[in-house]
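File shown: coords37.pdb (PDB, C-alpha atoms, pLDDT in the B column).
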```pdb
ATOM      1  CA  MET A  21      10.724 305.996  36.457  1.00 67.00           C
ATOM      2  CA  THR A  22       7.747 306.651  38.710  1.00 81.00           C
ATOM      3  CA  LYS A  23       7.949 309.876  40.711  1.00 94.00           C
ATOM      4  CA  ALA A  24       6.183 310.477  44.001  1.00 97.00           C
ATOM      5  CA  ILE A  25       5.720 313.607  46.061  1.00 97.00           C
ATOM      6  CA  ILE A  26       5.418 312.890  49.765  1.00 97.00           C
ATOM      7  CA  TYR A  27       4.160 315.605  52.089  1.00 97.00           C
ATOM      8  CA  HIS A  28       5.378 314.535  55.488  1.00 95.00           C
ATOM      9  CA  ASN A  29       7.090 315.087  58.774  1.00 95.00           C
ATOM     10  CA  PRO A  30      10.247 312.959  58.991  1.00 94.00           C
ATOM     11  CA  ARG A  31       9.725 312.608  62.760  1.00 94.00           C
ATOM     12  CA  CYS A  32       6.465 310.709  62.133  1.00 93.00           C
ATOM     13  CA  SER A  33       6.757 306.911  62.034  1.00 94.00           C
ATOM     14  CA  LYS A  34       3.947 306.581  59.441  1.00 94.00           C
ATOM     15  CA  SER A  35       5.778 309.066  57.223  1.00 95.00           C
ATOM     16  CA  ARG A  36       9.057 307.189  57.549  1.00 96.00           C
ATOM     17  CA  CYS A  37       7.358 303.860  56.784  1.00 97.00           C
ATOM     18  CA  SER A  38       5.599 305.272  53.714  1.00 97.00           C
ATOM     19  CA  LEU A  39       8.882 306.758  52.515  1.00 96.00           C
ATOM     20  CA  GLU A  40      10.624 303.407  53.004  1.00 96.00           C
ATOM     21  CA  ILE A  41       7.966 301.608  50.944  1.00 96.00           C
ATOM     22  CA  LEU A  42       8.470 304.087  48.111  1.00 96.00           C
ATOM     23  CA  LYS A  43      12.249 303.641  48.267  1.00 95.00           C
ATOM     24  CA  ASP A  44      11.913 299.845  48.322  1.00 95.00           C
ATOM     25  CA  LYS A  45       9.772 300.040  45.167  1.00 94.00           C
ATOM     26  CA  GLY A  46      12.413 302.134  43.391  1.00 94.00           C
ATOM     27  CA  VAL A  47      10.262 305.235  43.171  1.00 95.00           C
ATOM     28  CA  GLU A  48      11.874 308.625  42.603  1.00 96.00           C
ATOM     29  CA  ILE A  49      10.821 310.752  45.573  1.00 97.00           C
ATOM     30  CA  GLU A  50      10.362 314.458  46.159  1.00 97.00           C
ATOM     31  CA  GLU A  51      10.072 315.056  49.877  1.00 97.00           C
ATOM     32  CA  VAL A  52       8.090 318.044  51.087  1.00 97.00           C
ATOM     33  CA  HIS A  53       8.611 318.648  54.796  1.00 97.00           C
ATOM     34  CA  TYR A  54       5.322 320.473  55.168  1.00 96.00           C
ATOM     35  CA  LEU A  55       6.206 322.055  58.522  1.00 96.00           C
ATOM     36  CA  GLU A  56       9.089 323.877  56.781  1.00 95.00           C
ATOM     37  CA  ARG A  57       7.546 324.274  53.318  1.00 96.00           C
ATOM     38  CA  THR A  58       3.793 324.518  53.779  1.00 96.00           C
ATOM     39  CA  PRO A  59       1.784 323.548  50.698  1.00 97.00           C
ATOM     40  CA  SER A  60      -0.349 326.346  49.273  1.00 97.00           C
ATOM     41  CA  LYS A  61      -4.100 326.431  49.647  1.00 97.00           C
ATOM     42  CA  ALA A  62      -4.376 325.516  45.950  1.00 98.00           C
ATOM     43  CA  THR A  63      -2.099 322.498  46.407  1.00 98.00           C
ATOM     44  CA  LEU A  64      -4.034 321.257  49.429  1.00 98.00           C
ATOM     45  CA  LYS A  65      -7.296 321.779  47.542  1.00 98.00           C
ATOM     46  CA  GLU A  66      -5.960 319.742  44.617  1.00 98.00           C
ATOM     47  CA  LEU A  67      -4.759 316.931  46.912  1.00 98.00           C
ATOM     48  CA  CYS A  68      -8.189 316.762  48.554  1.00 98.00           C
ATOM     49  CA  ALA A  69      -9.929 316.761  45.169  1.00 98.00           C
ATOM     50  CA  LEU A  70      -7.724 313.919  43.903  1.00 98.00           C
ATOM     51  CA  MET A  71      -8.539 311.909  47.042  1.00 97.00           C
ATOM     52  CA  SER A  72     -12.231 312.882  46.788  1.00 97.00           C
ATOM     53  CA  VAL A  73     -12.255 314.099  50.390  1.00 97.00           C
ATOM     54  CA  SER A  74     -13.113 317.354  52.093  1.00 96.00           C
ATOM     55  CA  PRO A  75     -10.278 319.301  53.736  1.00 97.00           C
ATOM     56  CA  LEU A  76     -11.627 318.294  57.147  1.00 95.00           C
ATOM     57  CA  LYS A  77     -10.560 314.707  56.332  1.00 95.00           C
ATOM     58  CA  ILE A  78      -6.883 315.731  56.203  1.00 97.00           C
ATOM     59  CA  ILE A  79      -6.935 317.660  59.474  1.00 97.00           C
ATOM     60  CA  ARG A  80      -5.374 316.165  62.574  1.00 96.00           C
ATOM     61  CA  THR A  81      -8.444 316.731  64.741  1.00 96.00           C
ATOM     62  CA  GLY A  82      -6.858 314.907  67.675  1.00 95.00           C
ATOM     63  CA  GLU A  83      -3.950 317.335  67.748  1.00 95.00           C
ATOM     64  CA  THR A  84      -3.793 319.557  70.842  1.00 97.00           C
ATOM     65  CA  LEU A  85      -3.510 322.635  68.612  1.00 97.00           C
ATOM     66  CA  PHE A  86      -6.891 321.800  67.045  1.00 97.00           C
ATOM     67  CA  LYS A  87      -8.521 322.051  70.466  1.00 95.00           C
ATOM     68  CA  GLU A  88      -6.423 325.079  71.499  1.00 97.00           C
ATOM     69  CA  LEU A  89      -7.740 326.939  68.452  1.00 97.00           C
ATOM     70  CA  GLY A  90     -11.280 326.200  69.641  1.00 96.00           C
ATOM     71  CA  LEU A  91     -12.000 324.041  66.606  1.00 97.00           C
ATOM     72  CA  SER A  92     -14.408 321.121  66.400  1.00 95.00           C
ATOM     73  CA  LYS A  93     -15.213 318.586  63.662  1.00 92.00           C
ATOM     74  CA  SER A  94     -18.803 319.820  63.866  1.00 94.00           C
ATOM     75  CA  ASP A  95     -17.847 323.431  63.056  1.00 94.00           C
ATOM     76  CA  VAL A  96     -19.720 324.792  60.070  1.00 93.00           C
ATOM     77  CA  LYS A  97     -16.910 326.021  57.841  1.00 96.00           C
ATOM     78  CA  THR A  98     -16.434 326.127  54.108  1.00 96.00           C
ATOM     79  CA  ASP A  99     -13.721 324.035  52.479  1.00 97.00           C
ATOM     80  CA  ASP A 100     -11.791 327.256  51.851  1.00 97.00           C
ATOM     81  CA  GLU A 101     -11.954 328.142  55.551  1.00 97.00           C
ATOM     82  CA  TRP A 102     -10.614 324.696  56.535  1.00 98.00           C
ATOM     83  CA  LEU A 103      -7.864 325.014  53.902  1.00 98.00           C
ATOM     84  CA  GLU A 104      -6.906 328.431  55.269  1.00 97.00           C
ATOM     85  CA  ILE A 105      -6.606 326.900  58.744  1.00 98.00           C
ATOM     86  CA  LEU A 106      -4.271 324.218  57.336  1.00 98.00           C
ATOM     87  CA  VAL A 107      -2.083 326.774  55.566  1.00 98.00           C
ATOM     88  CA  THR A 108      -1.923 328.937  58.689  1.00 98.00           C
ATOM     89  CA  HIS A 109      -1.338 325.952  61.008  1.00 98.00           C
ATOM     90  CA  PRO A 110       0.494 323.266  58.974  1.00 98.00           C
ATOM     91  CA  LYS A 111       0.956 321.186  62.122  1.00 97.00           C
ATOM     92  CA  LEU A 112      -2.701 320.209  61.625  1.00 98.00           C
ATOM     93  CA  ILE A 113      -2.084 318.578  58.216  1.00 97.00           C
ATOM     94  CA  GLU A 114      -2.550 314.812  58.415  1.00 96.00           C
ATOM     95  CA  ARG A 115       0.524 312.946  57.267  1.00 96.00           C
ATOM     96  CA  PRO A 116       1.866 311.583  55.109  1.00 97.00           C
ATOM     97  CA  ILE A 117       0.106 312.497  51.888  1.00 98.00           C
ATOM     98  CA  ILE A 118       1.597 310.812  48.825  1.00 98.00           C
ATOM     99  CA  LYS A 119       0.975 311.877  45.234  1.00 98.00           C
ATOM    100  CA  ILE A 120       1.975 309.836  42.200  1.00 97.00           C
ATOM    101  CA  GLY A 121       0.754 311.311  38.923  1.00 95.00           C
ATOM    102  CA  ASP A 122      -2.916 312.146  39.443  1.00 95.00           C
ATOM    103  CA  LYS A 123      -3.362 309.670  42.290  1.00 97.00           C
ATOM    104  CA  VAL A 124      -3.147 310.706  45.932  1.00 98.00           C
ATOM    105  CA  VAL A 125      -3.412 308.706  49.120  1.00 98.00           C
ATOM    106  CA  LEU A 126      -3.050 309.264  52.831  1.00 97.00           C
ATOM    107  CA  GLY A 127      -0.318 306.978  54.165  1.00 95.00           C
ATOM    108  CA  ARG A 128      -2.346 305.762  57.143  1.00 94.00           C
ATOM    109  CA  PRO A 129      -1.567 302.923  57.179  1.00 96.00           C
ATOM    110  CA  PRO A 130       1.676 303.270  55.194  1.00 97.00           C
ATOM    111  CA  GLU A 131       0.697 300.332  52.962  1.00 96.00           C
ATOM    112  CA  ASN A 132      -1.948 302.587  51.384  1.00 97.00           C
ATOM    113  CA  VAL A 133       0.838 303.901  49.156  1.00 96.00           C
ATOM    114  CA  LEU A 134       0.883 300.550  47.357  1.00 96.00           C
ATOM    115  CA  SER A 135      -2.598 301.270  45.992  1.00 96.00           C
ATOM    116  CA  ILE A 136      -1.341 304.162  43.839  1.00 97.00           C
ATOM    117  CA  LEU A 137       1.843 302.610  42.502  1.00 93.00           C
ATOM    118  CA  PRO A 138       1.717 301.879  38.763  1.00 86.00           C
TER     119      PRO A 138
END
```

Can you give me the file's structure in the form of structure tokens?
Amino acid sequence: MTKAIIYHNPRCSKSRCSLEILKDKGVEIEEVHYLERTPSKATLKELCALMSVSPLKIIRTGETLFKELGLSKSDVKTDDEWLEILVTHPKLIERPIIKIGDKVVLGRPPENVLSILP
């Protein structure tokens, strides 16, 4: 059976829709509520690498907290610095992130999850 790890916030409609798609497809699911169980810097780095994106691409830049922290998309920061910000402020992690095997996708829109199903 296919197993997926979904990093999400169950209060988010996109997360719930992505989760529902996985359930409908009969996928075994490990839910990681990232606000309660923040992924490590290494995990976030791996997820970004598997998606071939920089950490900035999985940051909720429209979130009020992003602005409150004085951050900007044009800030010159290393990937490690952005990852540290995500670990320190998990509310800024874009959601949901779904991993199946060595494939990872951002569930925005939720149908993106279909692209990584075997």

- request: Take CA of Phe86 in chain A and CA of His109 in chain A and report the distance between them in Å, one decimal.
  value: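 For CA of Phe86 in chain A relative to CA of His109 in chain A, the distance reads 9.2 Å.
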
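Minimum atom-to-atom distance to His53 in chain A, evaluated using all atoms listed in the file, belongs to A:Ile113 out of A:Ile41, A:Ile120, A:Ile113, A:Ala69.
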
- request: Would you list the contacts of Ile25 in chain A as a ChimeraX atom specification, taking every protein, DNA or RNA residue within 7 Å and counting all atoms listed in the file, but skipping same-chain residues closer than 4 positions in sequence?
  value: /A:49-51,118-120

query: In terms of the shortest atom-to-atom distance over all atoms listed in the file, which of A:Glu88, A:Glu83, A:Asp122, A:Glu101 is closest to Pro138 in chain A?
result: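 Once distances to Pro138 in chain A are computed over all atoms listed in the file, the minimum belongs to A:Asp122.
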
task: May I ask for the distance between CA of Leu137 in chain A and CA of Ile117 in chain A, given in Å to one decimal place?
output: 13.7 Å

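In this structure, CA of Lys61 in chain A sits 28.1 Å away from CA of Lys43 in chain A.
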
query: If the PyMOL selection byres ((chain A and resi 136) around 8) is run on the structure shown, which residues does it catch, given as a VMD selection string?
result: chain A and resid 120 123 to 125 132 to 135 137 to 138

- prompt: What does the PyMOL selection byres ((chain A and resi 70-75) around 8) select in this file, as a list in words?
  reply: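 Written out, the selection comes to Leu64, Lys65, Glu66, Leu67, Cys68, Ala69, Leu76, Lys77, Ile78, Ile79, Asp99, Trp102, Leu103, Asp122, Lys123, Val124 and Val125 of chain A.
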
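Minimum atom-to-atom distances from A:Pro59, A:Leu89, A:Leu106, A:Gly121 to Ala24 in chain A were compared using all atoms listed in the file, and the lowest value belongs to A:Gly121.
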
task: May I have the residues within 12 Å of Cys32 in chain A as a PyMOL selection string, using all atoms listed in the file and disregarding those fewer than 6 positions away in the same chain?
output: chain A and resi 38-39+53+55+111+114-116+127-128+130

Would you save the residues of that selection, restricted to C-alpha atoms, as a short mmCIF file (atom, residue, chain, number, x, y, z; two decimals), keeping the file's coordinate frame?
```
data_model
loop_
_atom_site.label_atom_id
_atom_site.label_comp_id
_atom_site.auth_asym_id
_atom_site.auth_seq_id
_atom_site.Cartn_x
_atom_site.Cartn_y
_atom_site.Cartn_z
CA SER A 38 5.60 305.27 53.71
CA LEU A 39 8.88 306.76 52.52
CA HIS A 53 8.61 318.65 54.80
CA LEU A 55 6.21 322.06 58.52
CA LYS A 111 0.96 321.19 62.12
CA GLU A 114 -2.55 314.81 58.42
CA ARG A 115 0.52 312.95 57.27
CA PRO A 116 1.87 311.58 55.11
CA GLY A 127 -0.32 306.98 54.16
CA ARG A 128 -2.35 305.76 57.14
CA PRO A 130 1.68 303.27 55.19
#
```

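Minimum atom-to-atom distances from A:Thr84, A:Glu104, A:Ala62, A:Pro110 to Tyr27 in chain A were compared using all atoms listed in the file, and the lowest value belongs to A:Pro110.
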
- request: Check the smallest atom-to-atom distance from each of A:Leu42, A:Leu112, A:Val96, A:Ile26 to Thr81 in chain A using all atoms listed in the file, then report the winner.
  value: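 Among A:Leu42, A:Leu112, A:Val96, A:Ile26, it is A:Leu112 that comes nearest to Thr81 in chain A.
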
- request: Give the answer as one residue: which of A:Asp95, A:Asp100, A:Glu48, A:Glu40 has the shortest atom-to-atom distance to Thr22 in chain A, using only C-alpha atoms?
  value: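 For Thr22 in chain A, the nearest of the given residues is A:Glu48.
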
To test the calculation: enclose all listed atoms of range 50-58 of chain A in a box whose edges run along x, y and z, add 3 Å on each side, then state centre and edge lengths in Å to one decimal, as JSON.
```
{"center_x": 7.1, "center_y": 319.5, "center_z": 52.3, "size_x": 12.6, "size_y": 16.1, "size_z": 18.4}
```
